[in-house]
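What follows is a single structure, written as structure tokens, with notes after it.
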Amino acid sequence: MNSGSRKSGRKKAAPKTPGYDTRIMNHHPRRYVALKVMYFGQRFYGFSLEAQMDPTVESEIFKALEKTRLLIGEKKEIQYSRCGRTDKGVSAVGQVIALYLRSKRKDIDAHNKHSGETVPEEQDGQPGEIDYVRVLNGVLPKDIRIVGWCPVPSDFSARFSCLSREYKYFFWSDNLNLSVMETAGKKLIGEHDFRNFCKMDAVKVHNYRRNVMSFEISPCNMRFQGHQLYAIKIKGSAFLWHQVRCMVAVLFMIGQGLESPEVIDALLDTRTLRKPQYLMAPEIPLVLLSCEFEGLKFSCSSDAGQALHAHLENECRLYHLQAAIFHEALLSHLPLSIGAENKDASSNGVTRKKASHVPLMSRETEPSYEERRAKLETAKLRA
């Protein structure tokens, strides 16, 4: 994502300037709120505004906030936080962000001044307040929606107050031994050092221990030409960069019989093994399912909820129509003589040349954390 951008025609993110001066609205009351966000990640260069490419989910959200004049004060004053920082192409149905927004209620500022004090809950999307869900969804692009909001205390952080995150990874089950995959996946449960299951960031991350709380594989309510769609569901306190996609990639190798379940044990033993080189699983099937917080109850008005339901139903119908067109093309133009030997559904979105599998334990390894840190220190001294 950070190389070859000019050649591929990708658009660099332009400096963001609000369409109005947020400082002149300082006389308005404001309140600290959490927003639950849904987005479909195919066209975005990740969630974070710092991705250096446009569009990102965050950049579109802030455009909507500026357009609706919900932001008050300078950017550093809104106390913005996000729960997860999903990568390019990854979707979410339960992302959470928190920030100060303009409010209609003059009594709110008193609550905001007391850290830890929550605003009393009200029904039907907090009557008497701005309908944040309806207002924002009226200007957001169709692949981003706010699904609910909740008042939060001023010491709340969408990142650090989160108790757990849950991801789903969708895949076709063809040529995969699901029982063996599930046995291997259970080995990931618990607190481990996952440095061999992530993209290491030795500059910012120094602790690679994470706690995986649950793991399961289950069928989805979807089939295509006799092929069953399944989903891996993983819940953890927090995840490292690309951790879920790395874990899924290794599980696919195990499911294809290319690796044994014991390879999980070996990769978790970071005392004796550095990360072997392997490709991550594709990003499109990955969804941030939910972020769990203590005491948060997201709500929206009845009108906003009905509009959201109608929008999602319409999008589902549209995608089914598109699928029907692709299916018609498949039936009409592809010769039936294409043999099963050329069809590998277990690749799950990755086109690979037929090649002999090199066992993970026999592959070249990536630099260790210590080697990366030493290289950084050397570069710092030279500078």
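Every chain in the structure tokens has a letter given in the order shown (A, B, ...), and although residue numbers restart at 1 in each chain, ligands are simply numbered from 1 in the order shown.
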
Counting only C-alpha atoms, which residues of segment 121-231 of chain A sit at most 10 Å from some atom of segment 25-39 of chain A, and what is each one's closest atom pair with its distance in Å to one decimal, listed by chain and rising residue number, as a Markdown table?
| residue | atom | partner | partner_atom | distance |
| --- | --- | --- | --- | --- |
| A:Tyr132 | CA | A:Leu35 | CA | 8.8 |
| A:Val133 | CA | A:Leu35 | CA | 8.5 |
| A:Pro141 | CA | A:Tyr39 | CA | 9.6 |
| A:Lys142 | CA | A:Tyr39 | CA | 8.8 |
| A:Asp143 | CA | A:Tyr39 | CA | 5.5 |
| A:Ile144 | CA | A:Tyr39 | CA | 4.3 |
| A:Arg145 | CA | A:Met38 | CA | 5.2 |
| A:Ile146 | CA | A:Val37 | CA | 4.6 |
| A:Val147 | CA | A:Lys36 | CA | 5.6 |
| A:Gly148 | CA | A:Lys36 | CA | 5.2 |
| A:Trp149 | CA | A:Leu35 | CA | 4.4 |
| A:Cys150 | CA | A:Ala34 | CA | 5.2 |
| A:Pro151 | CA | A:Val33 | CA | 4.4 |
| A:Val152 | CA | A:Val33 | CA | 5.3 |
| A:Pro153 | CA | A:Tyr32 | CA | 6.9 |
| A:Ser154 | CA | A:Tyr32 | CA | 6.4 |
| A:Asp155 | CA | A:Tyr32 | CA | 9.6 |
| A:Phe156 | CA | A:Tyr32 | CA | 8.8 |
| A:Ser157 | CA | A:Ala34 | CA | 9.1 |
| A:Ala158 | CA | A:Ala34 | CA | 7.5 |

Could you write those residues out with C-alpha atoms, as a compact mmCIF listing (two decimals), in the first residue's frame?
# COMPACT_ATOMS: atom_id res chain seq x y z
CA TYR A 132 -26.85 11.32 15.11
CA VAL A 133 -27.57 8.09 13.23
CA PRO A 141 -21.55 7.03 1.21
CA LYS A 142 -23.71 3.90 0.85
CA ASP A 143 -20.91 1.55 1.99
CA ILE A 144 -20.59 3.24 5.42
CA ARG A 145 -23.38 3.45 7.99
CA ILE A 146 -23.69 4.50 11.64
CA VAL A 147 -25.82 1.82 13.33
CA GLY A 148 -26.11 3.30 16.83
CA TRP A 149 -24.73 5.74 19.38
CA CYS A 150 -24.30 5.91 23.13
CA PRO A 151 -23.26 8.65 25.60
CA VAL A 152 -19.99 7.78 27.35
CA PRO A 153 -17.96 9.26 30.25
CA SER A 154 -15.11 11.61 29.38
CA ASP A 155 -12.46 9.06 30.41
CA PHE A 156 -13.80 6.52 27.88
CA SER A 157 -11.48 5.28 25.12
CA ALA A 158 -12.79 3.24 22.20

Residues near segment 168-185 of chain A, anyone? I mean within 8 Å using only C-alpha atoms, not counting same-chain ones fewer than 5 positions away, as number ranges by chain. A: 215-217, 227-234, 248, 251-252, 254-257, 261-262, 264, 285-289, 344-346, 348

Residues within 9 Å of segment 267-270 of chain A, only C-alpha atoms, excluding chain neighbours under 6 positions, as a list in words: Leu188, His192, Asp193, Phe194, Arg195, Asn196, Phe197, Pro276 and Met361 of chain A

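The residues of segment 60-215 of chain A that DSSP assigns to alpha helix (DSSP H) on this backbone come out as Glu60, Ile61, Phe62, Lys63, Ala64, Leu65, Glu66, Lys67, Ile108, Asp109, Ala110, His111, Asn112, Tyr132, Val133, Arg134, Val135, Leu136, Asn137, Leu178, Ser179, Val180, Met181, Glu182, Thr183, Ala184, Gly185 and Lys186 of chain A.
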
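With distances restricted to only C-alpha atoms, A:Asp303 is the closest residue to Arg134 of chain A from A:Glu191, A:Glu50, A:Glu377, A:Asp303.
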
With only C-alpha atoms as the counted atoms, please give the residues lying no more than 10 Å from segment 200-204 of chain A, apart from itself and same-chain residues fewer than 4 positions off, as a list in words.
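Returned residues: Phe194, Arg195, Asn196, Tyr208, Leu240, Trp241, His242, Gln243, Lys275, Glu366, Pro367, Ser368, Tyr369, Glu370, Glu371, Arg372, Arg373, Ala374 and Leu376 of chain A.
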
Go ahead and dump the residues you just picked, C-alpha atoms, as an mmCIF file, in the first residue's frame.
data_model
loop_
_atom_site.group_PDB
_atom_site.id
_atom_site.type_symbol
_atom_site.label_atom_id
_atom_site.label_comp_id
_atom_site.auth_asym_id
_atom_site.auth_seq_id
_atom_site.Cartn_x
_atom_site.Cartn_y
_atom_site.Cartn_z
ATOM 1 C CA PHE A 194 1.814 -14.355 18.512
ATOM 2 C CA ARG A 195 4.835 -12.741 16.828
ATOM 3 C CA ASN A 196 4.928 -15.623 14.300
ATOM 4 C CA TYR A 208 3.470 -9.591 21.221
ATOM 5 C CA LEU A 240 -1.699 -7.683 16.349
ATOM 6 C CA TRP A 241 -1.245 -6.284 12.854
ATOM 7 C CA HIS A 242 -2.525 -8.909 10.341
ATOM 8 C CA GLN A 243 -2.799 -11.488 13.144
ATOM 9 C CA LYS A 275 8.499 -16.534 11.733
ATOM 10 C CA GLU A 366 11.947 -13.270 8.736
ATOM 11 C CA PRO A 367 14.211 -11.120 10.933
ATOM 12 C CA SER A 368 13.553 -11.478 14.647
ATOM 13 C CA TYR A 369 12.290 -8.639 16.827
ATOM 14 C CA GLU A 370 15.785 -8.242 18.315
ATOM 15 C CA GLU A 371 17.361 -8.017 14.854
ATOM 16 C CA ARG A 372 14.825 -5.419 13.752
ATOM 17 C CA ARG A 373 15.426 -3.334 16.882
ATOM 18 C CA ALA A 374 19.218 -3.527 16.408
ATOM 19 C CA LEU A 376 16.675 0.579 13.957
#

Just list the residues in segment 38-271 of chain A DSSP gives strand (DSSP E or B) on the backbone, as a VMD selection string.
chain A and resid 38 to 39 53 to 54 81 to 82 91 to 102 144 to 151 164 to 172 190 to 193 209 to 224 227 to 236

message: When you count only C-alpha atoms, which of these residues is closest to Val358 of chain A: A:Ala307, A:Met213, A:Ile72, A:Leu258?
response: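 Among the listed residues, A:Leu258 lies closest to Val358 of chain A.
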